[in-house]
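Data file: query-v7.cif. Format and content: mmCIF, C-alpha atoms.
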data_final
#
loop_
_atom_site.label_atom_id
_atom_site.label_comp_id
_atom_site.auth_asym_id
_atom_site.auth_seq_id
_atom_site.Cartn_x
_atom_site.Cartn_y
_atom_site.Cartn_z
CA MET A 1 -423.18 -84.75 -117.40
CA GLY A 2 -420.37 -82.85 -119.12
CA ASN A 3 -422.62 -79.92 -120.11
CA SER A 4 -424.07 -79.74 -116.61
CA SER A 5 -420.58 -79.66 -115.10
CA ALA A 6 -419.55 -76.88 -117.50
CA ARG A 7 -422.59 -74.81 -116.53
CA LEU A 8 -421.86 -75.23 -112.82
CA LYS A 9 -418.21 -74.24 -113.02
CA PRO A 10 -418.87 -70.45 -113.17
CA LEU A 11 -420.94 -70.78 -109.98
CA LEU A 12 -418.08 -72.24 -107.94
CA LEU A 13 -416.35 -68.92 -107.41
CA PRO A 14 -419.41 -66.92 -106.26
CA ALA A 15 -420.49 -69.83 -104.04
CA ALA A 16 -417.08 -69.88 -102.38
CA VAL A 17 -417.18 -66.10 -102.00
CA ALA A 18 -420.56 -66.21 -100.23
CA ALA A 19 -419.39 -68.93 -97.86
CA LEU A 20 -416.12 -67.17 -97.00
CA TRP A 21 -417.96 -63.86 -96.49
CA LEU A 22 -420.08 -65.47 -93.78
CA ILE A 23 -417.20 -67.50 -92.32
CA SER A 24 -415.02 -64.40 -91.97
CA GLY A 25 -417.63 -62.59 -89.88
CA TRP A 26 -418.17 -65.68 -87.72
CA ALA A 27 -414.42 -66.22 -87.28
CA PHE A 28 -414.00 -62.61 -86.12
CA GLU A 29 -416.51 -63.15 -83.32
CA ALA A 30 -415.00 -66.56 -82.51
CA LEU A 31 -411.53 -65.06 -82.12
CA LEU A 32 -412.75 -62.39 -79.70
CA THR A 33 -414.78 -64.93 -77.72
CA ALA A 34 -411.96 -67.48 -77.53
CA GLY A 35 -409.46 -64.78 -76.57
CA ASN A 36 -411.70 -63.66 -73.67
CA GLY A 37 -410.55 -60.07 -74.10
CA ARG A 38 -406.87 -60.95 -74.51
CA ILE A 39 -406.93 -60.68 -78.33
CA PRO A 40 -407.04 -57.01 -79.46
CA ILE A 41 -409.94 -56.24 -81.76
CA HIS A 42 -407.55 -54.79 -84.35
CA LEU A 43 -405.59 -58.04 -84.47
CA ALA A 44 -408.78 -60.08 -84.85
CA SER A 45 -409.98 -57.87 -87.72
CA LEU A 46 -406.56 -58.17 -89.38
CA VAL A 47 -406.77 -61.98 -89.41
CA SER A 48 -410.50 -62.24 -90.09
CA PRO A 49 -412.19 -59.02 -91.29
CA ASP A 50 -415.60 -58.44 -89.71
CA THR A 51 -417.94 -58.42 -92.69
CA MET A 52 -420.80 -57.21 -90.46
CA PRO A 53 -419.48 -54.05 -88.74
CA VAL A 54 -420.14 -53.60 -85.03
CA ARG A 55 -422.28 -50.53 -85.62
CA ILE A 56 -424.65 -52.56 -87.80
CA LYS A 57 -424.67 -55.50 -85.39
CA SER A 58 -425.78 -53.14 -82.63
CA LEU A 59 -428.94 -52.43 -84.63
CA LEU A 60 -429.94 -56.05 -85.22
CA ASP A 61 -431.16 -58.95 -83.17
CA GLY A 62 -430.07 -62.53 -83.88
CA SER A 63 -432.57 -63.37 -86.63
CA GLY A 64 -432.21 -59.97 -88.29
CA LEU A 65 -428.43 -60.29 -88.25
CA VAL A 66 -428.56 -63.72 -89.91
CA LEU A 67 -430.98 -62.47 -92.57
CA VAL A 68 -428.99 -59.34 -93.46
CA ALA A 69 -425.65 -61.18 -93.43
CA GLY A 70 -427.02 -63.90 -95.72
CA LEU A 71 -428.53 -61.43 -98.20
CA THR A 72 -425.30 -59.42 -98.29
CA ALA A 73 -423.28 -62.57 -98.95
CA LEU A 74 -425.59 -63.43 -101.86
CA ALA A 75 -425.24 -59.91 -103.24
CA VAL A 76 -421.45 -60.16 -103.12
CA ALA A 77 -421.61 -63.58 -104.80
CA ALA A 78 -423.91 -62.33 -107.57
CA PHE A 79 -421.73 -59.32 -108.34
CA THR A 80 -418.68 -61.59 -108.42
CA LEU A 81 -420.40 -63.54 -111.18
CA VAL A 82 -421.05 -60.28 -113.04
CA LEU A 83 -417.35 -59.36 -112.91
CA LEU A 84 -415.98 -62.88 -113.44
CA PRO A 85 -413.68 -62.83 -116.50
CA ASP A 86 -414.01 -65.17 -119.46
CA SER A 87 -411.29 -67.77 -118.92
CA ARG A 88 -410.99 -68.39 -122.68
CA LYS A 89 -409.98 -64.79 -123.34
CA THR A 90 -407.83 -64.05 -120.32
CA GLY A 91 -404.54 -65.66 -121.39
CA THR A 92 -402.29 -67.40 -118.89
CA ARG A 93 -403.45 -68.89 -115.61
CA GLY A 94 -401.55 -66.18 -113.74
CA ALA A 95 -403.52 -63.45 -115.50
CA LEU A 96 -406.76 -65.37 -114.93
CA PHE A 97 -406.01 -65.74 -111.21
CA LEU A 98 -405.34 -62.00 -110.82
CA ALA A 99 -408.50 -61.17 -112.74
CA ASN A 100 -410.56 -63.52 -110.56
CA TRP A 101 -409.03 -62.03 -107.41
CA MET A 102 -409.80 -58.49 -108.58
CA SER A 103 -413.38 -59.54 -109.32
CA VAL A 104 -413.81 -60.85 -105.79
CA THR A 105 -412.32 -57.69 -104.27
CA LEU A 106 -414.52 -55.34 -106.30
CA ALA A 107 -417.59 -57.44 -105.50
CA ALA A 108 -416.76 -57.28 -101.78
CA VAL A 109 -416.50 -53.49 -101.97
CA ALA A 110 -419.87 -53.36 -103.78
CA GLY A 111 -421.50 -55.60 -101.16
CA SER A 112 -420.06 -53.49 -98.33
CA ALA A 113 -421.38 -50.36 -100.02
CA VAL A 114 -424.87 -51.87 -100.18
CA LEU A 115 -424.64 -52.79 -96.49
CA ALA A 116 -423.44 -49.30 -95.55
CA VAL A 117 -426.25 -47.61 -97.49
CA ALA A 118 -428.76 -49.90 -95.79
CA SER A 119 -427.38 -48.90 -92.38
CA VAL A 120 -427.75 -45.22 -93.30
CA LEU A 121 -431.38 -45.86 -94.26
CA ALA A 122 -431.95 -47.73 -90.98
CA GLN A 123 -430.71 -44.77 -88.93
CA TRP A 124 -432.21 -42.00 -91.03
CA PRO A 125 -432.46 -39.12 -90.33
CA LEU A 126 -428.91 -38.80 -89.04
CA GLY A 127 -428.01 -36.09 -86.58
CA ARG A 128 -425.14 -34.84 -88.71
CA ALA A 129 -424.39 -35.13 -92.41
CA GLN A 130 -420.80 -36.25 -91.83
CA TRP A 131 -422.09 -39.33 -89.99
CA ILE A 132 -422.86 -40.75 -93.44
CA PHE A 133 -419.13 -40.93 -94.08
CA ASP A 134 -418.59 -42.44 -90.62
CA LEU A 135 -420.87 -45.29 -91.72
CA LEU A 136 -419.66 -45.64 -95.32
CA GLY A 137 -415.90 -45.35 -94.81
CA PRO A 138 -415.24 -48.30 -92.44
CA SER A 139 -417.58 -50.61 -94.40
CA LEU A 140 -415.87 -49.91 -97.73
CA LEU A 141 -412.40 -50.35 -96.25
CA THR A 142 -413.44 -53.62 -94.61
CA GLY A 143 -414.84 -54.93 -97.89
CA ALA A 144 -411.67 -54.01 -99.80
CA TYR A 145 -409.41 -55.56 -97.17
CA TRP A 146 -411.54 -58.71 -97.04
CA GLY A 147 -411.16 -59.07 -100.81
CA VAL A 148 -407.38 -58.73 -100.57
CA ALA A 149 -406.98 -60.97 -97.49
CA TRP A 150 -409.48 -63.74 -98.31
CA GLY A 151 -410.47 -63.26 -101.95
CA TRP A 152 -407.44 -65.08 -103.32
CA VAL A 153 -408.74 -68.40 -101.94
CA PRO A 154 -411.84 -68.77 -104.17
CA ALA A 155 -409.98 -67.04 -107.00
CA LEU A 156 -407.26 -69.68 -106.89
CA VAL A 157 -409.78 -72.51 -106.84
CA ALA A 158 -411.70 -71.04 -109.77
CA THR A 159 -408.47 -70.57 -111.73
CA PHE A 160 -407.54 -74.24 -111.53
CA LEU A 161 -411.07 -75.29 -112.46
CA SER A 162 -411.06 -73.04 -115.53
CA ALA A 163 -409.42 -73.52 -118.90
CA PRO A 164 -407.57 -70.35 -119.96
CA ALA A 165 -406.72 -69.69 -123.57
CA SER A 166 -403.05 -70.58 -123.08
CA ASP A 167 -400.65 -71.54 -120.31
CA GLY A 168 -397.48 -70.31 -121.94
CA ALA A 169 -395.96 -67.07 -123.13
CA GLY A 170 -396.78 -67.81 -126.74
CA SER A 171 -400.17 -67.46 -128.41
CA HIS A 172 -402.13 -69.85 -130.58
CA LEU A 173 -401.38 -69.92 -134.25
CA PRO A 174 -403.50 -67.57 -136.38
CA GLU A 175 -405.25 -70.38 -138.20
CA LYS A 176 -406.22 -72.05 -134.91
CA ARG A 177 -407.56 -68.79 -133.49
CA HIS A 178 -409.56 -68.23 -136.66
CA ALA A 179 -410.94 -71.75 -136.52
CA ALA A 180 -411.98 -71.27 -132.90
CA ARG A 181 -413.98 -68.11 -133.63
CA VAL A 182 -416.85 -69.95 -135.27
CA PRO A 183 -418.27 -71.71 -132.16
CA GLU A 184 -417.60 -68.72 -129.85
CA GLU A 185 -420.80 -66.85 -130.75
CA PRO A 186 -423.25 -69.13 -128.89
CA ALA A 187 -420.91 -69.22 -125.89
CA LEU A 188 -420.61 -65.43 -125.97
CA THR A 189 -424.37 -65.08 -126.05
CA ALA A 190 -424.67 -67.46 -123.09
CA ARG A 191 -422.04 -65.49 -121.21
CA VAL A 192 -423.89 -62.20 -121.78
CA ARG A 193 -427.12 -63.83 -120.68
CA GLN A 194 -425.38 -65.19 -117.57
CA ARG A 195 -424.02 -61.73 -116.69
CA GLY A 196 -427.48 -60.27 -117.12
CA TRP A 197 -429.02 -62.80 -114.75
CA ALA A 198 -426.21 -62.20 -112.24
CA LEU A 199 -426.65 -58.43 -112.45
CA GLY A 200 -430.38 -58.83 -111.87
CA ALA A 201 -429.69 -61.09 -108.86
CA PHE A 202 -427.28 -58.51 -107.44
CA ALA A 203 -429.90 -55.78 -107.78
CA LEU A 204 -432.52 -58.02 -106.17
CA PHE A 205 -430.34 -59.03 -103.21
CA SER A 206 -429.12 -55.45 -102.73
CA ALA A 207 -432.70 -54.17 -102.62
CA ALA A 208 -433.54 -56.92 -100.14
CA VAL A 209 -430.67 -55.83 -97.87
CA MET A 210 -431.82 -52.20 -98.01
CA VAL A 211 -435.32 -53.25 -97.04
CA ALA A 212 -434.51 -55.95 -94.50
CA LEU A 213 -431.98 -53.97 -92.46
CA PRO A 214 -434.24 -50.95 -91.75
CA LEU A 215 -437.22 -53.25 -91.06
CA THR A 216 -435.38 -55.50 -88.60
CA ALA A 217 -433.22 -52.78 -86.99
CA ARG A 218 -433.96 -51.47 -83.54
CA ASP A 219 -434.74 -47.79 -83.11
CA PRO A 220 -431.27 -46.23 -82.68
CA SER A 221 -432.72 -43.65 -80.31
CA GLN A 222 -433.84 -46.41 -77.96
CA PRO A 223 -431.36 -48.28 -75.78
CA ALA A 224 -430.76 -51.95 -76.46
CA PRO A 225 -432.91 -54.25 -74.33
CA GLU A 226 -431.29 -55.19 -71.07
CA PRO A 227 -430.45 -58.88 -70.73
CA ALA A 228 -432.04 -60.85 -67.94
CA ALA A 229 -430.40 -60.07 -64.66
CA THR A 230 -427.94 -62.74 -63.60
CA PRO A 231 -425.87 -62.82 -60.44
CA THR A 232 -422.45 -61.34 -61.00
CA PRO A 233 -419.79 -63.70 -59.69
CA GLU A 234 -417.24 -62.32 -57.31
CA PRO A 235 -413.99 -61.56 -59.14
CA THR A 236 -411.12 -63.92 -58.45
CA VAL A 237 -408.38 -62.02 -56.65
CA TYR A 238 -404.86 -63.33 -57.09
CA GLY A 239 -402.92 -62.46 -53.98
CA ALA A 240 -399.40 -63.28 -52.91
CA ALA A 241 -398.55 -66.87 -51.98
CA PRO A 242 -398.86 -67.59 -48.21
CA VAL A 243 -395.48 -69.35 -48.35
CA GLY A 244 -392.61 -68.21 -50.53
CA ALA A 245 -390.44 -70.56 -52.57
CA ALA A 246 -387.75 -72.17 -50.40
CA LEU A 247 -384.27 -71.04 -51.41
CA SER A 248 -382.48 -73.71 -49.36
CA GLU A 249 -383.17 -76.48 -46.88
CA PRO A 250 -384.31 -74.79 -43.62
CA ASP A 251 -382.18 -75.27 -40.53
CA PRO A 252 -384.10 -76.86 -37.62
CA LEU A 253 -382.87 -74.02 -35.39
CA TRP A 254 -384.46 -71.30 -37.55
CA CYS A 255 -387.59 -69.51 -36.34
CA THR A 256 -390.56 -70.60 -38.41
CA GLY A 257 -393.36 -68.26 -39.43
CA GLU A 258 -395.63 -69.86 -36.81
CA GLU A 259 -393.16 -69.14 -34.00
CA VAL A 260 -392.91 -65.38 -34.46
CA GLU A 261 -395.21 -62.37 -34.56
CA SER A 262 -394.41 -59.72 -37.17
CA SER A 263 -395.06 -55.99 -36.98
CA ILE A 264 -394.07 -52.82 -38.82
CA GLY A 265 -393.35 -49.36 -37.50
CA GLY A 266 -390.63 -46.71 -37.27
CA TRP A 267 -391.91 -44.87 -40.33
CA ASP A 268 -389.59 -42.11 -41.56
CA ALA A 269 -389.37 -39.88 -44.64
CA ALA A 270 -387.01 -37.26 -46.11
CA THR A 271 -386.80 -35.63 -49.58
CA GLY A 272 -388.74 -38.35 -51.37
CA HIS A 273 -387.06 -41.21 -49.50
CA ARG A 274 -388.97 -43.47 -47.15
CA ALA A 275 -388.04 -45.99 -44.46
CA ALA A 276 -389.75 -48.31 -41.99
CA GLN A 277 -388.75 -51.10 -39.62
CA ILE A 278 -390.01 -54.70 -39.61
CA THR A 279 -389.87 -56.54 -36.28
CA VAL A 280 -390.35 -60.23 -35.46
CA ARG A 281 -390.88 -61.37 -31.86
CA ASN A 282 -390.38 -64.95 -30.75
CA THR A 283 -393.76 -66.10 -29.46
CA GLY A 284 -392.79 -69.78 -29.27
CA THR A 285 -391.61 -71.84 -26.33
CA ARG A 286 -388.07 -72.44 -27.56
CA SER A 287 -385.13 -70.31 -28.59
CA CYS A 288 -384.78 -70.01 -32.38
CA THR A 289 -382.60 -68.16 -34.85
CA VAL A 290 -383.20 -65.66 -37.63
CA GLN A 291 -380.42 -65.19 -40.14
CA GLY A 292 -380.02 -63.40 -43.45
CA TYR A 293 -382.84 -61.35 -44.96
CA PRO A 294 -386.62 -61.38 -44.44
CA ASP A 295 -388.89 -62.90 -47.07
CA LEU A 296 -391.21 -60.13 -48.36
CA ASP A 297 -394.10 -59.92 -50.77
CA PHE A 298 -396.62 -57.20 -51.55
CA GLU A 299 -400.34 -56.81 -52.23
CA SER A 300 -402.48 -53.85 -53.19
CA SER A 301 -405.28 -52.64 -50.95
CA ASP A 302 -407.63 -54.78 -53.09
CA GLY A 303 -405.65 -57.94 -52.39
CA TRP A 304 -403.86 -58.30 -55.74
CA VAL A 305 -400.23 -59.36 -55.71
CA MET A 306 -397.97 -56.54 -56.95
CA GLY A 307 -394.80 -56.56 -59.01
CA ILE A 308 -392.51 -55.13 -56.33
CA THR A 309 -388.98 -56.49 -55.88
CA ALA A 310 -387.23 -56.62 -52.50
CA VAL A 311 -383.50 -55.90 -52.99
CA HIS A 312 -381.09 -56.95 -50.26
CA GLY A 313 -379.05 -54.06 -48.86
CA GLY A 314 -379.28 -50.56 -47.47
CA SER A 315 -380.73 -47.38 -48.91
CA HIS A 316 -380.48 -43.60 -48.48
CA MET A 317 -382.11 -43.91 -45.04
CA THR A 318 -381.14 -47.46 -43.98
CA GLU A 319 -377.86 -49.28 -43.38
CA ASP A 320 -377.36 -52.99 -43.97
CA PRO A 321 -375.67 -54.73 -41.01
CA PRO A 322 -373.41 -57.78 -41.36
CA VAL A 323 -375.29 -61.00 -42.00
CA GLU A 324 -375.05 -62.91 -38.73
CA PRO A 325 -377.34 -65.34 -36.90
CA VAL A 326 -379.56 -63.71 -34.28
CA THR A 327 -380.78 -66.10 -31.57
CA LEU A 328 -384.11 -65.13 -30.04
CA ALA A 329 -385.22 -66.45 -26.71
CA PRO A 330 -388.99 -66.50 -26.15
CA GLY A 331 -390.17 -62.87 -26.08
CA GLU A 332 -387.05 -61.42 -27.75
CA GLU A 333 -387.14 -59.50 -31.03
CA ALA A 334 -385.13 -59.01 -34.23
CA ALA A 335 -385.54 -56.19 -36.74
CA ALA A 336 -384.83 -55.36 -40.38
CA SER A 337 -385.30 -52.05 -42.19
CA ILE A 338 -386.90 -51.33 -45.55
CA GLY A 339 -386.22 -48.24 -47.67
CA TRP A 340 -387.75 -46.91 -50.89
CA ARG A 341 -388.57 -43.83 -52.94
CA GLY A 342 -392.24 -42.90 -53.17
CA THR A 343 -393.50 -43.55 -56.72
CA ALA A 344 -397.29 -43.88 -56.25
CA GLY A 345 -399.12 -40.62 -56.81
CA ALA A 346 -402.73 -39.79 -56.12
CA GLY A 347 -405.14 -42.32 -57.63
CA MET A 348 -402.44 -44.89 -58.43
CA VAL A 349 -402.53 -48.48 -57.20
CA ARG A 350 -400.11 -48.77 -54.28
CA VAL A 351 -399.00 -51.29 -51.69
CA GLY A 352 -401.60 -51.87 -48.99
CA THR A 353 -400.37 -55.13 -47.44
CA LEU A 354 -396.84 -56.32 -46.66
CA LEU A 355 -396.30 -60.08 -46.26
CA VAL A 356 -393.38 -60.99 -43.99
CA ALA A 357 -391.65 -64.26 -43.07
CA PRO A 358 -388.33 -64.86 -41.26
CA TYR A 359 -387.05 -66.64 -44.39
CA SER A 360 -388.40 -67.81 -47.74
CA GLY A 361 -390.11 -71.15 -47.40
CA THR A 362 -392.04 -70.61 -44.17
CA GLN A 363 -395.44 -69.11 -43.35
CA ARG A 364 -395.87 -65.41 -44.16
CA GLN A 365 -397.84 -62.97 -42.01
CA GLU A 366 -399.90 -60.11 -43.46
CA LEU A 367 -399.21 -56.61 -42.17
CA GLU A 368 -401.36 -53.63 -43.09
CA ALA A 369 -398.90 -51.13 -44.55
CA ASP A 370 -399.66 -48.06 -46.68
CA ILE A 371 -396.48 -47.90 -48.79
CA ASP A 372 -396.45 -45.39 -51.64
CA LEU A 373 -394.91 -47.76 -54.18
CA ALA A 374 -396.44 -48.41 -57.62
CA GLU A 375 -395.58 -51.38 -59.81
CA PRO A 376 -393.17 -52.15 -61.23
CA GLY A 377 -391.02 -50.99 -58.36
CA TYR A 378 -388.50 -52.05 -55.74
CA LEU A 379 -387.42 -51.36 -52.19
CA THR A 380 -384.37 -52.35 -50.18
CA VAL A 381 -384.41 -54.60 -47.10
CA THR A 382 -381.58 -55.06 -44.62
CA ALA A 383 -380.51 -58.25 -42.86
CA TRP A 384 -381.97 -59.32 -39.51
CA ALA A 385 -380.30 -57.74 -36.50
CA PRO A 386 -381.13 -57.64 -32.78
CA ALA A 387 -383.91 -55.11 -32.13
CA GLY A 388 -382.67 -52.25 -30.03
#
Would you mind giving the structure from this file in structure tokens?
Amino acid sequence: MGNSSARLKPLLLPAAVAALWLISGWAFEALLTAGNGRIPIHLASLVSPDTMPVRIKSLLDGSGLVLVAGLTALAVAAFTLVLLPDSRKTGTRGALFLANWMSVTLAAVAGSAVLAVASVLAQWPLGRAQWIFDLLGPSLLTGAYWGVAWGWVPALVATFLSAPASDGAGSHLPEKRHAARVPEEPALTARVRQRGWALGAFALFSAAVMVALPLTARDPSQPAPEPAATPTPEPTVYGAAPVGAALSEPDPLWCTGEEVESSIGGWDAATGHRAAQITVRNTGTRSCTVQGYPDLDFESSDGWVMGITAVHGGSHMTEDPPVEPVTLAPGEEAAASIGWRGTAGAGMVRVGTLLVAPYSGTQRQELEADIDLAEPGYLTVTAWAPAG
């Protein structure tokens, strides 16, 4: 049992490397899928390097991708075993850990190089010679970064499972070192044999990658097969709320949104400044009051709510009257003015709908209004006054 355990120990590091190589590529895809486009691809690759670059994935179907990824992971694992240092000759555990980590990093670069060469073969002949470097460069950098970012994990595990020559700053006494040399020869021979087998496995898996990728790759000159047509759902449009947040308890005498009819007109412009007038007419059967400032919100022509702020007060072309209650008998009107500077140029998203209520907390009415304001932006609105 003890001999079997000793023989399996050197395999722990390459096995962990192969598993993490595959997990990293899966985690990269999982992050992008879970983020639903909100996680930048550069951030995802920083956390979990994509061990199967996008350009190679575009050449492979599902089964081909699994095959090539698995063979590459085995190649990286085999080359890790080739580079794995002898724990009995490394010295302290700190030195052994760094040596293990470097072995993992170099093996990851070698595996990425094999994958990049296989992708060149799959797309040969290339249109331009420099495209070879476009394929090799990103793969090698990804392999090196993966080794630095993730390689310390299996290296740390392997370090604690190994038995370095010493754990302290001092060295063994000369007579002990001399006594230990006698049984080292068989172990050294086994280590050389193990490296030879690992090097042969690396060559075998590398050759398999270079054969499997071109055989399973799609013709790069042909477009990828179109997925089965599925109905595209209508996008969800987030418009402004039909009722604004109430700022205070409404007075029973105030005109509600259902009792008035809103309109906009009186458009004016001068030297980049704009102005218009909002009017509410009492269409109810009772007299009611408007007081203070209108409640406004804004939507684009596509129905999306916009980040426009209504600021109470006058502007270059409007004057804010005193805030006083305005009582409207049925059929009577009150007015407020809006002013702004045009900020939406050609092709920019601009205000297409103005939502108006006598006060915040009652029903808003939608008014078609082409206002050249882009978000973020603001306009001024004056207090209600008798229309005249």
Rank A:Pro49, A:Gly284, A:Gly70, A:Pro242 by their smallest atom-to-atom distance to Ala144 (chain A), using only C-alpha atoms, and report the top residue only.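 Looking at the shortest contact to Ala144 (chain A), the residue is A:Pro49.
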Restrict the calculation to only C-alpha atoms, then for each residue of region 217-316 of chain A with any atom at most 12 Å from an atom of region 363-374 of chain A give the closest atom pair and their distance in Å to one decimal, rows by chain and rising residue number, as a tab-separated table.
residue	atom	partner	partner_atom	distance
A:Gly239	CA	A:Glu366	CA	11.2
A:Ala240	CA	A:Arg364	CA	9.7
A:Ala241	CA	A:Arg364	CA	8.4
A:Pro242	CA	A:Arg364	CA	5.5
A:Val243	CA	A:Gln363	CA	5.0
A:Gly244	CA	A:Arg364	CA	7.7
A:Ala245	CA	A:Gln363	CA	10.6
A:Ala246	CA	A:Gln363	CA	10.9
A:Cys255	CA	A:Gln363	CA	10.5
A:Thr256	CA	A:Gln363	CA	7.1
A:Gly257	CA	A:Gln363	CA	4.5
A:Glu258	CA	A:Gln363	CA	6.6
A:Glu259	CA	A:Gln363	CA	9.6
A:Val260	CA	A:Gln365	CA	9.3
A:Glu261	CA	A:Gln365	CA	7.9
A:Ser262	CA	A:Gln365	CA	6.8
A:Ser263	CA	A:Leu367	CA	6.7
A:Ile264	CA	A:Leu367	CA	7.2
A:Gly265	CA	A:Ala369	CA	9.1
A:Gly266	CA	A:Ala369	CA	11.9
A:Trp267	CA	A:Ile371	CA	10.1
A:Asp268	CA	A:Ile371	CA	11.5
A:Ala269	CA	A:Asp372	CA	11.4
A:Gly272	CA	A:Asp372	CA	10.4
A:His273	CA	A:Asp372	CA	10.5
A:Arg274	CA	A:Ile371	CA	8.9
A:Ala275	CA	A:Ile371	CA	9.7
A:Ala276	CA	A:Ile371	CA	9.6
A:Gln277	CA	A:Ala369	CA	11.3
A:Ile278	CA	A:Leu367	CA	9.7
A:Thr279	CA	A:Leu367	CA	11.0
A:Val280	CA	A:Gln365	CA	10.3
A:Pro294	CA	A:Arg364	CA	10.1
A:Asp295	CA	A:Arg364	CA	8.0
A:Leu296	CA	A:Arg364	CA	8.2
A:Asp297	CA	A:Arg364	CA	8.8
A:Phe298	CA	A:Glu366	CA	9.2
A:Glu299	CA	A:Glu366	CA	9.4
A:Ser300	CA	A:Asp370	CA	9.2
A:Ser301	CA	A:Asp370	CA	8.4
A:Asp302	CA	A:Glu368	CA	11.9
A:Gly303	CA	A:Glu366	CA	10.8
A:Val305	CA	A:Ala374	CA	11.7
A:Met306	CA	A:Ala374	CA	8.3
A:Gly307	CA	A:Ala374	CA	8.4
A:Ile308	CA	A:Ala374	CA	7.9
A:Thr309	CA	A:Leu373	CA	10.7
A:Ala310	CA	A:Leu373	CA	11.8
Please evaluate the PyMOL selection byres ((chain A and resi 56) around 9) against the structure above and give the resulting residues as a compact mmCIF listing (two decimals) with C-alpha atoms, in the frame of the given file.
# COMPACT_ATOMS: atom_id res chain seq x y z
CA MET A 52 -420.80 -57.21 -90.46
CA PRO A 53 -419.48 -54.05 -88.74
CA VAL A 54 -420.14 -53.60 -85.03
CA ARG A 55 -422.28 -50.53 -85.62
CA LYS A 57 -424.67 -55.50 -85.39
CA SER A 58 -425.78 -53.14 -82.63
CA LEU A 59 -428.94 -52.43 -84.63
CA LEU A 60 -429.94 -56.05 -85.22
CA LEU A 65 -428.43 -60.29 -88.25
CA LEU A 115 -424.64 -52.79 -96.49
CA ALA A 116 -423.44 -49.30 -95.55
CA SER A 119 -427.38 -48.90 -92.38
CA LEU A 213 -431.98 -53.97 -92.46
CA ALA A 217 -433.22 -52.78 -86.99
Exactly which residues make up the result of the PyMOL selection byres ((chain A and resi 325) around 10) on this file, given as a short mmCIF file (atom, residue, chain, number, x, y, z; two decimals) with C-alpha atoms, in the frame of the given file?
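Saved the output as selection05.cif:
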data_model
loop_
_atom_site.label_atom_id
_atom_site.label_comp_id
_atom_site.auth_asym_id
_atom_site.auth_seq_id
_atom_site.Cartn_x
_atom_site.Cartn_y
_atom_site.Cartn_z
CA TRP A 254 -384.46 -71.30 -37.55
CA CYS A 288 -384.78 -70.01 -32.38
CA THR A 289 -382.60 -68.16 -34.85
CA VAL A 290 -383.20 -65.66 -37.63
CA GLN A 291 -380.42 -65.19 -40.14
CA GLY A 292 -380.02 -63.40 -43.45
CA PRO A 322 -373.41 -57.78 -41.36
CA VAL A 323 -375.29 -61.00 -42.00
CA GLU A 324 -375.05 -62.91 -38.73
CA VAL A 326 -379.56 -63.71 -34.28
CA THR A 327 -380.78 -66.10 -31.57
CA LEU A 328 -384.11 -65.13 -30.04
CA ALA A 383 -380.51 -58.25 -42.86
CA TRP A 384 -381.97 -59.32 -39.51
CA ALA A 385 -380.30 -57.74 -36.50
CA PRO A 386 -381.13 -57.64 -32.78
#
So what do you get for CA of Gly345 (chain A) versus CA of His312 (chain A), distance-wise? 25.2 Å
Near region 74-79 of chain A, counting all atoms listed in the file, which residues have an atom at most 8 Å away, once you skip same-chain residues fewer than 3 positions from it, shown as a list in words?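 These residues fall inside the cut-off: Leu13, Pro14, Ala15, Val17, Ala18, Gly70, Leu71, Val82, Leu83, Ala107, Ala108, Ala110, Gly111, Ala198, Leu199, Ala201, Phe202, Ala203, Phe205 and Ser206 of chain A.
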Please expand the PyMOL selection byres ((chain A and resi 316) around 9) into the concrete residues it hits in this file, giving the result as a PyMOL selection string. chain A and resi 273-275+314-315+317-319+339-340
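Pairwise distance (CA of Ala335 (chain A), CA of Val311 (chain A)) equals 16.4 Å.
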